[in-house]
Amino acid sequence: MPASTSAITIRPATREDAPLVLSFIQKLAEYEKLSHECVATVEGLRETLFGPESHARVFLAFQGGQPAGYALYFFSYSTFLARPGIYLEDLFVDPPLRGKGIGKALLQRLAREVVDRGYGRLEWSVLDWNQPAIDFYRAFGAVPMSDWTMFRLTGEALNAFAKA
């Protein structure tokens with residue numbers, strides 16, 4: 001069911017939206033100076049987001065019918081809370097449309113998803129140089145987890161470790 005805030009409409013993405021989702025992912029990668037790491041394809045998104053084993057979900061935001069942004073998330077789990085949660089992988093609003101409440105509406109939609117499902121938390125990461133995003137999140141009461149450092153295994157390191 002779409003959720004609206006003034007001229008902002010938010011709805012779940014469908015298989016047919018895969019090209020739009022990819023365009024937002026590419027814009028996010030460019031903004032984060034990580035375009036060289038973005039190898040996603042429409043076919044890959046259709047399989048992993050909308051295939052028989054969906055691994056994540058997407059909300060799309062529109063302003064006046066115009067695509068404005070997206071939030072891509074997946075389900076997580078807190079052993080300490082013994083409750084599921086949502087991990088926000090991507091939150092992106094097209095730069096010309098920022099400051100109009102679209103990012104806030106997407107984040108609120110995710111918060112409602114967490115609360116409505118009885119989950120324990122909504123979490124995400126933000127690049128440490130992205131001060132506008134950090135300020136945006138803090139304004140809603142989000143707190144940085146400064147005692148934690150994210151780790152990642154990918155590519156050759158992942159393959160080598162898996163084979164060891």
# chains A, B, ... in the order shown; residues from 1 in each chain; ligands from 1
call {"tool": "residues_around", "arguments": {"residues": "Pro144 (chain A)", "least_positions_apart": "6", "cutoff": "9 Å", "atoms": "only C-alpha atoms", "output": "PyMOL selection string"}}
result
chain A and resi 125+134+138
call {"tool": "select_by_dssp", "arguments": {"residues": "chain A", "states": "alpha helix (DSSP H)", "output": "number ranges by chain"}}
result
A: 18-31, 42-50, 102-117, 131-138, 155-163
call {"tool": "closest_atom_pairs", "arguments": {"of": "region 85-146 of chain A", "to": "region 50-63 of chain A", "cutoff": "9 Å", "atoms": "only C-alpha atoms", "output": "CSV"}}
result
residue,atom,partner,partner_atom,distance
A:Val93,CA,A:Ala61,CA,8.4
A:Leu97,CA,A:Gln63,CA,8.5
A:Ile102,CA,A:Ala61,CA,6.9
A:Gly103,CA,A:Ala61,CA,8.6
A:Ala105,CA,A:Ala61,CA,8.3
A:Leu106,CA,A:Ala61,CA,7.0
A:Arg109,CA,A:Phe59,CA,8.4
A:Leu110,CA,A:Phe59,CA,8.6
call {"tool": "write_last_selection", "arguments": {"atoms": "N, CA and C atoms", "output": "mmCIF file, in the first residue's frame"}}
result
data_model
loop_
_atom_site.group_PDB
_atom_site.id
_atom_site.type_symbol
_atom_site.label_atom_id
_atom_site.label_comp_id
_atom_site.auth_asym_id
_atom_site.auth_seq_id
_atom_site.Cartn_x
_atom_site.Cartn_y
_atom_site.Cartn_z
ATOM 1 N N VAL A 93 18.328 9.988 -2.541
ATOM 2 C CA VAL A 93 17.382 10.923 -3.145
ATOM 3 C C VAL A 93 18.150 11.694 -4.204
ATOM 4 N N LEU A 97 16.287 16.993 -5.899
ATOM 5 C CA LEU A 97 15.058 16.851 -5.111
ATOM 6 C C LEU A 97 15.323 16.779 -3.607
ATOM 7 N N ILE A 102 11.849 13.968 1.116
ATOM 8 C CA ILE A 102 11.776 12.645 0.497
ATOM 9 C C ILE A 102 12.591 11.625 1.285
ATOM 10 N N GLY A 103 13.814 11.964 1.656
ATOM 11 C CA GLY A 103 14.635 11.054 2.450
ATOM 12 C C GLY A 103 13.995 10.768 3.787
ATOM 13 N N ALA A 105 10.795 10.852 4.458
ATOM 14 C CA ALA A 105 9.624 10.012 4.215
ATOM 15 C C ALA A 105 10.029 8.551 4.004
ATOM 16 N N LEU A 106 11.123 8.319 3.274
ATOM 17 C CA LEU A 106 11.608 6.950 3.071
ATOM 18 C C LEU A 106 12.049 6.329 4.398
ATOM 19 N N ARG A 109 9.095 5.500 6.501
ATOM 20 C CA ARG A 109 8.410 4.302 5.999
ATOM 21 C C ARG A 109 9.108 3.042 6.505
ATOM 22 N N LEU A 110 10.433 3.065 6.496
ATOM 23 C CA LEU A 110 11.197 1.932 7.024
ATOM 24 C C LEU A 110 10.988 1.785 8.527
#
call {"tool": "select_by_dssp", "arguments": {"residues": "region 35-124 of chain A", "states": "strand (DSSP E or B)", "output": "number ranges by chain"}}
result
A: 57-63, 66-78, 83-93, 122-124
call {"tool": "residues_around", "arguments": {"residues": "Asp90 (chain A)", "least_positions_apart": "4", "cutoff": "10 Å", "atoms": "only C-alpha atoms", "output": "ChimeraX atom specification"}}
result
/A:24-25,28,58,70-73,124-126
call {"tool": "write_last_selection", "arguments": {"atoms": "N, CA and C atoms", "output": "CSV table (one decimal), in the first residue's frame"}}
result
chain,number,residue,atom,x,y,z
A,24,PHE,N,19.1,4.4,-9.9
A,24,PHE,CA,19.4,5.0,-8.6
A,24,PHE,C,20.7,4.5,-7.9
A,25,ILE,N,20.9,3.2,-8.0
A,25,ILE,CA,22.1,2.5,-7.5
A,25,ILE,C,23.3,3.2,-8.2
A,28,LEU,N,23.9,6.6,-6.8
A,28,LEU,CA,24.4,6.5,-5.5
A,28,LEU,C,25.9,6.2,-5.5
A,58,VAL,N,12.8,-3.1,-1.8
A,58,VAL,CA,13.1,-1.7,-2.1
A,58,VAL,C,11.8,-0.9,-2.0
A,70,TYR,N,15.1,6.2,-3.5
A,70,TYR,CA,14.8,4.8,-3.1
A,70,TYR,C,15.5,4.4,-1.8
A,71,ALA,N,15.0,3.4,-1.2
A,71,ALA,CA,15.5,2.8,0.0
A,71,ALA,C,15.6,1.3,-0.2
A,72,LEU,N,16.8,0.7,-0.1
A,72,LEU,CA,16.9,-0.7,-0.3
A,72,LEU,C,17.3,-1.3,1.0
A,73,TYR,N,16.6,-2.4,1.5
A,73,TYR,CA,16.8,-2.9,2.8
A,73,TYR,C,16.7,-4.4,2.8
A,124,TRP,N,21.9,1.1,9.8
A,124,TRP,CA,22.6,1.4,8.5
A,124,TRP,C,24.0,1.9,8.8
A,125,SER,N,24.7,2.0,7.7
A,125,SER,CA,26.1,2.6,7.7
A,125,SER,C,26.1,3.9,6.9
A,126,VAL,N,27.0,4.8,7.2
A,126,VAL,CA,27.1,6.0,6.5
A,126,VAL,C,28.6,6.2,6.4
call {"tool": "closest_residue", "arguments": {"among": "A:Leu45, A:Val115, A:Leu34, A:Ala160", "to": "Leu127 (chain A)", "atoms": "only C-alpha atoms"}}
result
A:Leu34
call {"tool": "residues_around", "arguments": {"residues": "Arg83 (chain A)", "least_positions_apart": "4", "cutoff": "9 Å", "atoms": "only C-alpha atoms", "output": "ChimeraX atom specification"}}
result
/A:76-79,118-121
call {"tool": "write_last_selection", "arguments": {"atoms": "N, CA and C atoms", "output": "PDB file, in the first residue's frame"}}
result
ATOM      1  N   SER A  76      17.555  -8.340   9.184  1.00  0.00           N
ATOM      2  CA  SER A  76      18.702  -8.711  10.014  1.00  0.00           C
ATOM      3  C   SER A  76      18.166  -9.356  11.291  1.00  0.00           C
ATOM      4  N   TYR A  77      19.071  -9.678  12.186  1.00  0.00           N
ATOM      5  CA  TYR A  77      18.654 -10.291  13.441  1.00  0.00           C
ATOM      6  C   TYR A  77      19.589  -9.865  14.563  1.00  0.00           C
ATOM      7  N   SER A  78      19.014  -9.522  15.710  1.00  0.00           N
ATOM      8  CA  SER A  78      19.795  -9.183  16.891  1.00  0.00           C
ATOM      9  C   SER A  78      19.683 -10.316  17.903  1.00  0.00           C
ATOM     10  N   THR A  79      20.810 -10.953  18.161  1.00  0.00           N
ATOM     11  CA  THR A  79      20.803 -12.007  19.179  1.00  0.00           C
ATOM     12  C   THR A  79      20.576 -11.414  20.563  1.00  0.00           C
ATOM     13  N   GLY A 118       7.036  -5.515  14.673  1.00  0.00           N
ATOM     14  CA  GLY A 118       7.477  -5.847  16.019  1.00  0.00           C
ATOM     15  C   GLY A 118       8.972  -6.133  16.095  1.00  0.00           C
ATOM     16  N   TYR A 119       9.733  -5.603  15.152  1.00  0.00           N
ATOM     17  CA  TYR A 119      11.178  -5.817  15.121  1.00  0.00           C
ATOM     18  C   TYR A 119      11.860  -4.904  16.135  1.00  0.00           C
ATOM     19  N   GLY A 120      13.160  -5.136  16.356  1.00  0.00           N
ATOM     20  CA  GLY A 120      13.862  -4.427  17.404  1.00  0.00           C
ATOM     21  C   GLY A 120      14.682  -3.220  16.994  1.00  0.00           C
ATOM     22  N   ARG A 121      15.097  -3.154  15.717  1.00  0.00           N
ATOM     23  CA  ARG A 121      15.960  -2.028  15.344  1.00  0.00           C
ATOM     24  C   ARG A 121      16.019  -1.812  13.845  1.00  0.00           C
TER      25      ARG A 121
END
call {"tool": "residues_around", "arguments": {"residues": "Cys38 (chain A)", "least_positions_apart": "2", "cutoff": "12 Å", "atoms": "only C-alpha atoms", "output": "number ranges by chain"}}
result
A: 22-36, 40-41, 44
call {"tool": "write_last_selection", "arguments": {"atoms": "C-alpha atoms", "output": "short mmCIF file (atom, residue, chain, number, x, y, z; two decimals), in the first residue's frame"}}
result
data_model
loop_
_atom_site.label_atom_id
_atom_site.label_comp_id
_atom_site.auth_asym_id
_atom_site.auth_seq_id
_atom_site.Cartn_x
_atom_site.Cartn_y
_atom_site.Cartn_z
CA LEU A 22 19.59 0.30 -11.12
CA SER A 23 19.67 3.94 -12.20
CA PHE A 24 19.38 5.02 -8.55
CA ILE A 25 22.10 2.55 -7.50
CA GLN A 26 24.41 3.95 -10.18
CA LYS A 27 23.71 7.52 -9.06
CA LEU A 28 24.43 6.53 -5.45
CA ALA A 29 27.70 4.86 -6.49
CA GLU A 30 28.70 8.03 -8.33
CA TYR A 31 27.84 10.22 -5.32
CA GLU A 32 29.86 7.95 -3.03
CA LYS A 33 32.78 7.96 -5.49
CA LEU A 34 32.41 4.19 -5.89
CA SER A 35 31.22 3.86 -9.50
CA HIS A 36 34.16 1.58 -10.23
CA ALA A 40 24.93 -4.45 -10.76
CA THR A 41 22.72 -5.19 -13.77
CA GLY A 44 20.94 -9.29 -11.46
#
call {"tool": "atom_distance", "arguments": {"atom1": "CA of Gly99 (chain A)", "atom2": "CA of Gly65 (chain A)"}}
result
17.3 Å
call {"tool": "decode", "arguments": {"residues": "region 130-163 of chain A", "atoms": "C-alpha atoms", "output": "compact mmCIF listing (two decimals), in the first residue's frame"}}
result
# COMPACT_ATOMS: atom_id res chain seq x y z
CA ASN A 130 29.27 12.30 4.36
CA GLN A 131 28.53 14.99 6.93
CA PRO A 132 25.19 16.05 5.37
CA ALA A 133 23.90 12.46 5.79
CA ILE A 134 25.31 12.20 9.32
CA ASP A 135 23.58 15.46 10.29
CA PHE A 136 20.35 14.30 8.63
CA TYR A 137 20.31 11.03 10.59
CA ARG A 138 21.23 12.65 13.90
CA ALA A 139 18.31 15.08 13.50
CA PHE A 140 15.94 12.10 13.84
CA GLY A 141 17.64 10.70 16.92
CA ALA A 142 19.89 8.14 15.22
CA VAL A 143 23.18 7.56 17.00
CA PRO A 144 26.50 6.45 15.51
CA MET A 145 27.89 3.16 16.76
CA SER A 146 31.36 4.58 17.35
CA ASP A 147 32.58 1.52 19.25
CA TRP A 148 32.07 -0.74 16.22
CA THR A 149 34.16 -1.14 13.08
CA MET A 150 32.61 -2.74 10.03
CA PHE A 151 34.60 -5.52 8.35
CA ARG A 152 34.15 -6.98 4.89
CA LEU A 153 35.41 -10.02 3.01
CA THR A 154 34.94 -9.84 -0.75
CA GLY A 155 36.54 -10.85 -4.03
CA GLU A 156 39.81 -12.77 -3.89
CA ALA A 157 40.14 -12.50 -0.11
CA LEU A 158 36.70 -14.07 0.31
CA ASN A 159 37.45 -16.83 -2.18
CA ALA A 160 40.85 -17.59 -0.65
CA PHE A 161 39.44 -17.72 2.87
CA ALA A 162 36.54 -19.95 1.81
CA LYS A 163 38.96 -22.41 0.22
